[in-house]
file final-v1.csv (CSV, C-alpha atoms)
chain,number,residue,atom,x,y,z
T,1,MET,CA,79.2,44.2,-133.7
T,2,LEU,CA,77.7,44.8,-130.3
T,3,GLN,CA,73.9,45.0,-129.7
T,4,VAL,CA,72.3,45.6,-126.3
T,5,LYS,CA,68.6,44.9,-126.3
T,6,ASP,CA,66.2,45.8,-123.5
T,7,LEU,CA,68.8,45.2,-120.8
T,8,TYR,CA,67.7,45.3,-117.2
T,9,VAL,CA,69.9,44.8,-114.1
T,10,THR,CA,68.4,44.7,-110.6
T,11,TYR,CA,70.6,44.3,-107.5
T,12,ARG,CA,68.8,42.1,-105.0
T,13,ALA,CA,68.1,43.4,-101.5
T,14,ARG,CA,67.4,41.6,-98.2
T,15,SER,CA,64.0,43.2,-98.1
T,16,GLY,CA,62.1,45.2,-100.7
T,17,PRO,CA,62.3,45.2,-104.5
T,18,GLY,CA,66.0,45.8,-104.8
T,19,VAL,CA,67.9,48.4,-106.8
T,20,ALA,CA,67.0,48.7,-110.5
T,21,ALA,CA,70.4,50.0,-111.7
T,22,VAL,CA,69.9,49.5,-115.4
T,23,ARG,CA,66.4,49.9,-116.9
T,24,GLY,CA,65.5,48.9,-120.5
T,25,VAL,CA,68.8,50.0,-122.2
T,26,ASP,CA,69.1,49.6,-126.0
T,27,PHE,CA,72.0,50.6,-128.2
T,28,GLU,CA,74.5,49.3,-130.8
T,29,ILE,CA,78.2,49.7,-131.3
T,30,PRO,CA,79.6,49.1,-134.8
T,31,ASP,CA,83.1,48.1,-135.6
T,32,ASN,CA,85.9,50.6,-135.2
T,33,THR,CA,83.9,53.1,-133.1
T,34,PHE,CA,84.8,55.0,-129.9
T,35,VAL,CA,81.6,55.4,-127.8
T,36,GLY,CA,81.5,57.4,-124.6
T,37,LEU,CA,79.1,56.6,-121.8
T,38,VAL,CA,78.7,59.5,-119.4
T,39,GLY,CA,76.6,60.5,-116.3
T,40,GLU,CA,76.8,61.2,-112.6
T,41,SER,CA,77.9,58.6,-110.1
T,42,GLY,CA,75.1,56.2,-109.4
T,43,CYS,CA,73.5,56.4,-112.8
T,44,GLY,CA,74.3,52.8,-113.7
T,45,LYS,CA,77.2,53.3,-116.0
T,46,SER,CA,79.6,50.7,-114.5
T,47,THR,CA,76.8,48.2,-113.9
T,48,LEU,CA,76.0,48.5,-117.6
T,49,GLY,CA,79.6,47.9,-118.6
T,50,PHE,CA,79.9,44.8,-116.2
T,51,ALA,CA,76.6,43.4,-117.5
T,52,ILE,CA,77.8,43.6,-121.1
T,53,ALA,CA,81.0,41.8,-120.1
T,54,VAL,CA,79.0,39.3,-118.0
T,55,LEU,CA,81.0,40.1,-114.9
T,56,LEU,CA,78.2,40.6,-112.4
T,57,ASP,CA,77.7,38.2,-109.6
T,58,GLU,CA,74.5,36.2,-110.5
T,59,ARG,CA,73.9,35.5,-106.8
T,60,ARG,CA,73.4,39.2,-106.1
T,61,ASN,CA,71.6,40.5,-109.1
T,62,THR,CA,69.1,39.7,-111.8
T,63,VAL,CA,69.9,40.4,-115.5
T,64,SER,CA,67.4,40.3,-118.3
T,65,GLY,CA,67.6,41.3,-122.0
T,66,GLN,CA,70.2,40.5,-124.6
T,67,VAL,CA,73.9,41.3,-125.1
T,68,LEU,CA,74.8,40.2,-128.6
T,69,LEU,CA,78.5,40.1,-129.7
T,70,ASP,CA,78.6,39.3,-133.4
T,71,GLY,CA,75.1,37.9,-133.0
T,72,VAL,CA,75.9,35.6,-130.1
T,73,ASP,CA,74.0,36.3,-126.8
T,74,LEU,CA,76.8,36.4,-124.1
T,75,HIS,CA,74.3,35.8,-121.3
T,76,GLN,CA,73.3,32.5,-122.8
T,77,LEU,CA,76.8,31.1,-123.1
T,78,SER,CA,78.4,28.5,-120.7
T,79,PRO,CA,81.3,29.7,-118.4
T,80,GLU,CA,83.8,27.8,-120.6
T,81,ARG,CA,82.6,29.4,-123.8
T,82,LEU,CA,82.6,32.9,-122.2
T,83,ARG,CA,86.2,32.3,-121.1
T,84,THR,CA,87.3,31.7,-124.7
T,85,LEU,CA,85.6,35.0,-125.8
T,86,ARG,CA,87.1,37.1,-123.1
T,87,TRP,CA,90.4,38.8,-124.0
T,88,SER,CA,90.2,37.5,-127.6
T,89,LYS,CA,86.9,39.3,-128.5
T,90,LEU,CA,86.1,41.3,-125.4
T,91,SER,CA,88.3,42.8,-122.7
T,92,VAL,CA,87.8,45.2,-119.8
T,93,VAL,CA,90.1,47.9,-118.2
T,94,LEU,CA,89.0,48.6,-114.6
T,95,GLN,CA,89.0,51.9,-112.8
T,96,GLY,CA,92.0,51.3,-110.5
T,97,GLY,CA,95.1,50.3,-112.5
T,98,MET,CA,96.9,49.8,-109.1
T,99,ASN,CA,94.5,47.0,-108.3
T,100,ALA,CA,94.5,45.3,-111.8
T,101,PHE,CA,97.7,43.3,-111.3
T,102,ASN,CA,98.8,40.6,-108.9
T,103,PRO,CA,101.3,42.5,-106.6
T,104,VAL,CA,103.7,39.5,-106.2
T,105,LEU,CA,104.2,38.7,-109.9
T,106,ARG,CA,106.2,40.6,-112.5
T,107,LEU,CA,104.1,42.1,-115.2
T,108,LYS,CA,105.6,39.7,-117.8
T,109,HIS,CA,104.2,36.7,-116.1
T,110,GLN,CA,100.7,38.2,-115.9
T,111,PHE,CA,100.7,39.0,-119.6
T,112,MET,CA,101.9,35.4,-120.3
T,113,ASP,CA,99.1,34.0,-118.2
T,114,VAL,CA,96.6,35.5,-120.6
T,115,MET,CA,98.5,34.5,-123.7
T,116,LYS,CA,99.0,30.9,-122.5
T,117,ALA,CA,95.2,30.5,-121.9
T,118,HIS,CA,94.1,31.9,-125.2
T,119,ALA,CA,97.0,31.6,-127.8
T,120,ASN,CA,99.5,29.0,-128.9
T,121,LEU,CA,102.7,31.0,-128.6
T,122,SER,CA,106.3,30.1,-127.6
T,123,LYS,CA,107.9,32.0,-124.7
T,124,ALA,CA,110.0,34.0,-127.1
T,125,GLU,CA,107.0,35.0,-129.2
T,126,MET,CA,105.1,36.0,-126.0
T,127,THR,CA,108.0,38.1,-124.9
T,128,ASP,CA,108.1,39.9,-128.2
T,129,ARG,CA,104.4,40.4,-128.1
T,130,ILE,CA,104.6,41.9,-124.6
T,131,ALA,CA,107.4,44.3,-125.7
T,132,GLN,CA,105.2,45.4,-128.7
T,133,LEU,CA,102.2,46.0,-126.5
T,134,LEU,CA,104.2,48.1,-124.0
T,135,VAL,CA,105.7,50.2,-126.7
T,136,ALA,CA,102.2,50.8,-128.1
T,137,VAL,CA,101.1,52.3,-124.8
T,138,GLU,CA,104.3,54.4,-124.6
T,139,LEU,CA,106.2,52.3,-122.0
T,140,ASP,CA,109.7,50.9,-122.3
T,141,PRO,CA,109.7,47.1,-122.9
T,142,SER,CA,111.9,46.7,-119.8
T,143,VAL,CA,108.8,47.5,-117.7
T,144,MET,CA,107.7,43.9,-118.2
T,145,GLU,CA,110.3,42.8,-115.6
T,146,SER,CA,108.9,45.2,-113.0
T,147,TYR,CA,106.5,44.4,-110.1
T,148,PRO,CA,103.3,46.5,-110.1
T,149,HIS,CA,104.4,48.5,-107.0
T,150,GLU,CA,107.5,49.7,-108.9
T,151,LEU,CA,105.3,51.6,-111.4
T,152,SER,CA,103.5,54.9,-111.1
T,153,GLY,CA,99.7,55.0,-111.3
T,154,GLY,CA,99.8,56.3,-114.9
T,155,MET,CA,102.3,53.5,-115.9
T,156,LYS,CA,100.1,50.8,-114.3
T,157,GLN,CA,97.0,52.1,-116.1
T,158,ARG,CA,98.9,52.1,-119.4
T,159,ALA,CA,100.1,48.5,-118.7
T,160,ALA,CA,96.4,47.5,-117.9
T,161,ILE,CA,95.4,48.9,-121.3
T,162,ALA,CA,98.3,47.0,-123.0
T,163,LEU,CA,97.1,43.8,-121.3
T,164,ALA,CA,93.5,44.4,-122.5
T,165,LEU,CA,94.8,44.6,-126.1
T,166,ALA,CA,97.0,41.5,-125.8
T,167,LEU,CA,94.8,39.3,-128.0
T,168,GLU,CA,93.5,42.1,-130.3
T,169,PRO,CA,89.9,42.1,-129.1
T,170,ARG,CA,87.0,43.5,-131.1
T,171,LEU,CA,85.6,45.5,-128.1
T,172,VAL,CA,87.3,47.1,-125.1
T,173,ILE,CA,85.2,48.3,-122.2
T,174,LEU,CA,87.0,51.0,-120.1
T,175,ASP,CA,85.4,51.7,-116.7
T,176,GLU,CA,86.6,55.2,-115.5
T,177,PRO,CA,90.2,54.3,-116.5
T,178,THR,CA,91.7,57.7,-115.6
T,179,THR,CA,89.7,58.6,-112.5
T,180,ALA,CA,92.6,58.2,-110.0
T,181,LEU,CA,95.1,60.1,-112.1
T,182,ASP,CA,96.1,63.7,-112.4
T,183,VAL,CA,94.7,65.8,-115.3
T,184,VAL,CA,98.0,65.8,-117.3
T,185,VAL,CA,98.3,62.0,-117.2
T,186,GLN,CA,94.5,61.6,-117.9
T,187,ARG,CA,94.9,63.6,-121.1
T,188,SER,CA,98.0,61.7,-122.3
T,189,ILE,CA,96.3,58.3,-121.6
T,190,VAL,CA,93.0,59.3,-123.4
T,191,THR,CA,95.0,60.7,-126.4
T,192,MET,CA,97.0,57.4,-126.5
T,193,LEU,CA,93.8,55.4,-126.4
T,194,SER,CA,92.3,57.3,-129.3
T,195,GLN,CA,95.4,56.8,-131.4
T,196,LEU,CA,95.5,53.1,-130.6
T,197,GLN,CA,91.8,52.7,-131.4
T,198,GLN,CA,92.3,54.4,-134.8
T,199,GLN,CA,95.4,52.3,-135.6
T,200,LEU,CA,94.1,48.9,-134.5
T,201,GLY,CA,90.4,49.4,-135.4
T,202,PHE,CA,88.8,48.0,-132.2
T,203,SER,CA,85.7,49.5,-130.7
T,204,VAL,CA,85.6,51.2,-127.3
T,205,LEU,CA,82.9,51.7,-124.7
T,206,PHE,CA,84.5,54.4,-122.5
T,207,VAL,CA,82.6,54.8,-119.2
T,208,SER,CA,83.3,58.2,-117.5
T,209,HIS,CA,81.6,60.9,-115.4
T,210,ASP,CA,83.9,63.5,-117.1
T,211,LEU,CA,82.0,64.7,-120.2
T,212,GLY,CA,84.8,67.0,-121.3
T,213,LEU,CA,87.3,64.1,-121.4
T,214,VAL,CA,84.9,62.0,-123.4
T,215,LEU,CA,84.2,64.8,-125.9
T,216,GLU,CA,87.9,64.9,-126.7
T,217,VAL,CA,88.0,61.4,-128.2
T,218,ALA,CA,84.6,59.8,-128.7
T,219,HIS,CA,82.8,59.5,-132.0
T,220,ARG,CA,79.5,59.1,-130.2
T,221,VAL,CA,78.3,60.0,-126.7
T,222,MET,CA,75.5,58.2,-124.7
T,223,VAL,CA,74.2,60.0,-121.7
T,224,MET,CA,72.9,57.9,-118.9
T,225,TYR,CA,70.6,58.9,-116.1
T,226,ALA,CA,68.7,56.8,-113.5
T,227,GLY,CA,69.7,53.6,-115.2
T,228,GLN,CA,68.5,54.7,-118.7
T,229,ILE,CA,70.1,56.2,-121.8
T,230,VAL,CA,68.5,59.6,-122.2
T,231,GLU,CA,70.5,60.9,-125.2
T,232,ASP,CA,72.6,59.2,-127.8
T,233,LYS,CA,74.3,61.4,-130.4
T,234,PRO,CA,77.5,61.9,-132.4
T,235,ALA,CA,80.0,63.8,-130.2
T,236,ASP,CA,80.1,66.9,-132.5
T,237,LEU,CA,76.3,67.2,-132.3
T,238,ILE,CA,76.2,66.8,-128.5
T,239,ILE,CA,78.3,70.0,-127.9
T,240,ASP,CA,76.0,72.3,-129.9
T,241,GLU,CA,72.7,70.5,-130.3
T,242,ALA,CA,72.2,68.6,-127.0
T,243,GLU,CA,68.4,68.3,-126.5
T,244,HIS,CA,67.8,66.5,-123.2
T,245,PRO,CA,67.9,69.0,-120.2
T,246,TYR,CA,70.2,66.6,-118.3
T,247,THR,CA,72.7,66.6,-121.2
T,248,ARG,CA,72.6,70.4,-121.3
T,249,ALA,CA,73.1,70.5,-117.5
T,250,LEU,CA,76.2,68.3,-117.8
T,251,LEU,CA,77.6,70.5,-120.5
T,252,GLY,CA,77.1,73.5,-118.1
T,253,CYS,CA,79.5,71.7,-115.7
T,254,TYR,CA,82.1,71.4,-118.5
T,255,ALA,CA,84.4,74.3,-119.3
T,256,ASN,CA,85.7,74.4,-122.9
T,257,PRO,CA,89.4,75.2,-122.5
T,258,HIS,CA,89.4,77.0,-125.9
T,259,ALA,CA,86.6,79.4,-125.0
T,260,LYS,CA,87.4,83.1,-124.4
T,261,LYS,CA,84.8,83.2,-121.5
T,262,VAL,CA,84.0,80.3,-119.2
T,263,ALA,CA,80.7,80.1,-117.4
T,264,LEU,CA,80.0,77.0,-115.2
T,265,THR,CA,76.7,76.0,-113.7
T,266,GLY,CA,75.8,73.1,-111.4
T,267,ILE,CA,72.9,70.7,-111.4
T,268,PRO,CA,70.6,71.2,-108.4
T,269,GLY,CA,69.4,68.2,-106.4
T,270,SER,CA,70.5,64.6,-106.7
T,271,PRO,CA,69.8,61.6,-108.9
T,272,PRO,CA,66.7,59.6,-107.7
T,273,ASP,CA,66.8,56.6,-105.4
T,274,LEU,CA,66.7,53.6,-107.7
T,275,ARG,CA,65.2,51.5,-105.0
T,276,GLU,CA,61.9,53.4,-105.4
T,277,HIS,CA,59.3,53.1,-108.1
T,278,LEU,CA,59.9,56.0,-110.6
T,279,ARG,CA,56.9,57.6,-112.0
T,280,GLY,CA,57.2,59.8,-115.1
T,281,CYS,CA,60.5,61.2,-116.1
T,282,PRO,CA,63.2,60.6,-113.5
T,283,PHE,CA,64.8,64.0,-114.1
T,284,VAL,CA,61.6,65.9,-113.3
T,285,PRO,CA,62.6,67.0,-109.7
T,286,ARG,CA,65.8,68.7,-111.2
T,287,CYS,CA,64.5,69.9,-114.5
T,288,LYS,CA,63.6,73.6,-114.9
T,289,GLN,CA,61.8,72.9,-118.2
T,290,ARG,CA,59.5,70.2,-117.1
T,291,ILE,CA,55.9,70.2,-118.4
T,292,GLU,CA,52.8,68.4,-117.1
T,293,ILE,CA,53.3,65.1,-119.0
T,294,CYS,CA,56.8,64.7,-117.5
T,295,GLU,CA,55.2,64.1,-114.1
T,296,THR,CA,53.2,61.1,-115.2
T,297,GLU,CA,54.6,59.5,-118.4
T,298,ALA,CA,58.2,58.3,-118.8
T,299,PRO,CA,59.6,59.4,-122.2
T,300,ARG,CA,60.9,56.8,-124.6
T,301,LEU,CA,64.2,57.0,-126.4
T,302,ARG,CA,63.2,58.2,-129.9
T,303,PRO,CA,65.2,59.1,-133.1
T,304,ARG,CA,65.7,62.9,-133.1
T,305,GLY,CA,68.2,65.5,-134.2
T,306,GLY,CA,70.8,63.1,-135.7
T,307,GLY,CA,70.6,60.7,-132.7
T,308,SER,CA,68.1,59.6,-130.1
T,309,VAL,CA,66.6,61.5,-127.2
T,310,ALA,CA,64.2,60.5,-124.3
T,311,CYS,CA,62.4,63.7,-123.6
T,312,HIS,CA,58.9,65.1,-124.0
T,313,LEU,CA,59.9,68.7,-124.7
T,314,ASP,CA,60.3,68.4,-128.5
T,315,VAL,CA,57.0,66.6,-128.9
T,316,HIS,CA,55.1,69.1,-126.7
T,317,LYS,CA,56.8,72.3,-127.7
T,318,GLU,CA,53.5,74.2,-127.6
T,319,VAL,CA,53.1,73.5,-123.9
T,320,PRO,CA,54.7,76.3,-121.8
T,321,ALA,CA,57.4,75.2,-119.4
T,322,ARG,CA,56.7,75.6,-115.7
call {"tool": "encode", "arguments": {"input": "final-v1.csv", "output": "structure tokens"}}
result
Amino acid sequence: MLQVKDLYVTYRARSGPGVAAVRGVDFEIPDNTFVGLVGESGCGKSTLGFAIAVLLDERRNTVSGQVLLDGVDLHQLSPERLRTLRWSKLSVVLQGGMNAFNPVLRLKHQFMDVMKAHANLSKAEMTDRIAQLLVAVELDPSVMESYPHELSGGMKQRAAIALALALEPRLVILDEPTTALDVVVQRSIVTMLSQLQQQLGFSVLFVSHDLGLVLEVAHRVMVMYAGQIVEDKPADLIIDEAEHPYTRALLGCYANPHAKKVALTGIPGSPPDLREHLRGCPFVPRCKQRIEICETEAPRLRPRGGGSVACHLDVHKEVPAR
């Protein structure tokens, strides 16, 4: 359903080469699949999501590669053709639900704006549809008469998810949708999302820095580091069979709430500066298992262990780690 092929995104700079935020990303998302995209802040997750939805400002960045939705390259479409696909085939939920709505319009009118632009429905039909959507995200239909400031952060984020589902899209991209919410509300929203995805059969690209939250609901997890996918595996395999040192380091920062004993570890150092030319594996300065080839040759994402991994360690097992 979605194919991303050799995608690069570089933010232009006033001087110098710019920031290579996404570097040679390839992956596919089939129908009815919940995919998590995780990594530290600054790894390129949100940029990747915005590039897929063709929401980046072309005056400030350069995008190359392909984003195919049902075989159609979104980056080759005219603005008018893109407008018809958004909401109906592809929708986005942004990080701050409190900023997703016009503050001076009732929610009902903002839902109707979307429906009028993309569907031929009467006012009564639109009202019924809005009520159904709000019930689906566990809100009372009367909420449609409210202004955004009259709702809590969790209610606004639920309403933003309802709006994203208004025209039954094939793919929903969620960019850190629960970051500004407390952990109890986070859990309820993610559980609700998982249930909706299973009931309605749409696909999800869930962008988050919280690996534990993603593991709760995702069918598959992609781990991103320095603008690249370094591991891509089914969620149940990631927990016990993670192979990339960065993925294992992220798991060390995640506490399993069901475990009898909890041991947390941090990740030393910081992600690399993407303005600089990266030589070898970008995780080398932080990796305790690095070997000689890691310093000079960037690993490619290869099929391995039920998924894909970009790491030299398995190929060069006989070489002792330093």
call {"tool": "residues_around", "arguments": {"input": "final-v1.csv", "residues": "Leu7 in chain T", "least_positions_apart": "6", "cutoff": "10 Å", "atoms": "only C-alpha atoms", "output": "ChimeraX atom specification"}}
result
/T:22-27,48,51-52,63-67,228
call {"tool": "closest_residue", "arguments": {"input": "final-v1.csv", "among": "T:Gly227, T:Pro148, T:Gly71, T:Pro285", "to": "Tyr8 in chain T", "atoms": "only C-alpha atoms"}}
result
T:Gly227
call {"tool": "closest_atom_pairs", "arguments": {"input": "final-v1.csv", "of": "range 208-240 of chain T", "to": "range 176-190 of chain T", "cutoff": "8 Å", "atoms": "all atoms listed in the file", "output": "Markdown table"}}
result
| residue | atom | partner | partner_atom | distance |
| --- | --- | --- | --- | --- |
| T:Ser208 | CA | T:Glu176 | CA | 4.9 |
| T:His209 | CA | T:Glu176 | CA | 7.6 |
| T:Leu213 | CA | T:Arg187 | CA | 7.6 |
| T:Val217 | CA | T:Val190 | CA | 7.2 |
call {"tool": "atom_distance", "arguments": {"input": "final-v1.csv", "atom1": "CA of Asn32 in chain T", "atom2": "CA of Gln197 in chain T"}}
result
7.3 Å
call {"tool": "residues_around", "arguments": {"input": "final-v1.csv", "residues": "Gly16 in chain T", "least_positions_apart": "6", "cutoff": "12 Å", "atoms": "only C-alpha atoms", "output": "MDAnalysis selection string"}}
result
chainID T and resid 10 274:277
call {"tool": "closest_residue", "arguments": {"input": "final-v1.csv", "among": "T:Val207, T:Val143, T:Ile267, T:Ala242", "to": "Phe111 in chain T", "atoms": "all atoms listed in the file"}}
result
T:Val143
call {"tool": "residues_around", "arguments": {"input": "final-v1.csv", "residues": "Val137 in chain T", "least_positions_apart": "5", "cutoff": "8 Å", "atoms": "only C-alpha atoms", "output": "PyMOL selection string"}}
result
chain T and resi 158-159+161-162+192
call {"tool": "residues_around", "arguments": {"input": "final-v1.csv", "residues": "Leu151 in chain T", "least_positions_apart": "4", "cutoff": "12 Å", "atoms": "only C-alpha atoms", "output": "PyMOL selection string"}}
result
chain T and resi 97-98+101+103+106-107+139-140+142-147+155-160
call {"tool": "closest_residue", "arguments": {"input": "final-v1.csv", "among": "T:His149, T:Lys5, T:Arg300, T:Val135", "to": "Leu105 in chain T", "atoms": "all atoms listed in the file"}}
result
T:His149
call {"tool": "closest_residue", "arguments": {"input": "final-v1.csv", "among": "T:Ile238, T:Arg86, T:Ile229, T:Arg302", "to": "Leu251 in chain T", "atoms": "all atoms listed in the file"}}
result
T:Ile238
call {"tool": "atom_distance", "arguments": {"input": "final-v1.csv", "atom1": "CA of Gly201 in chain T", "atom2": "CA of Val93 in chain T"}}
result
17.3 Å
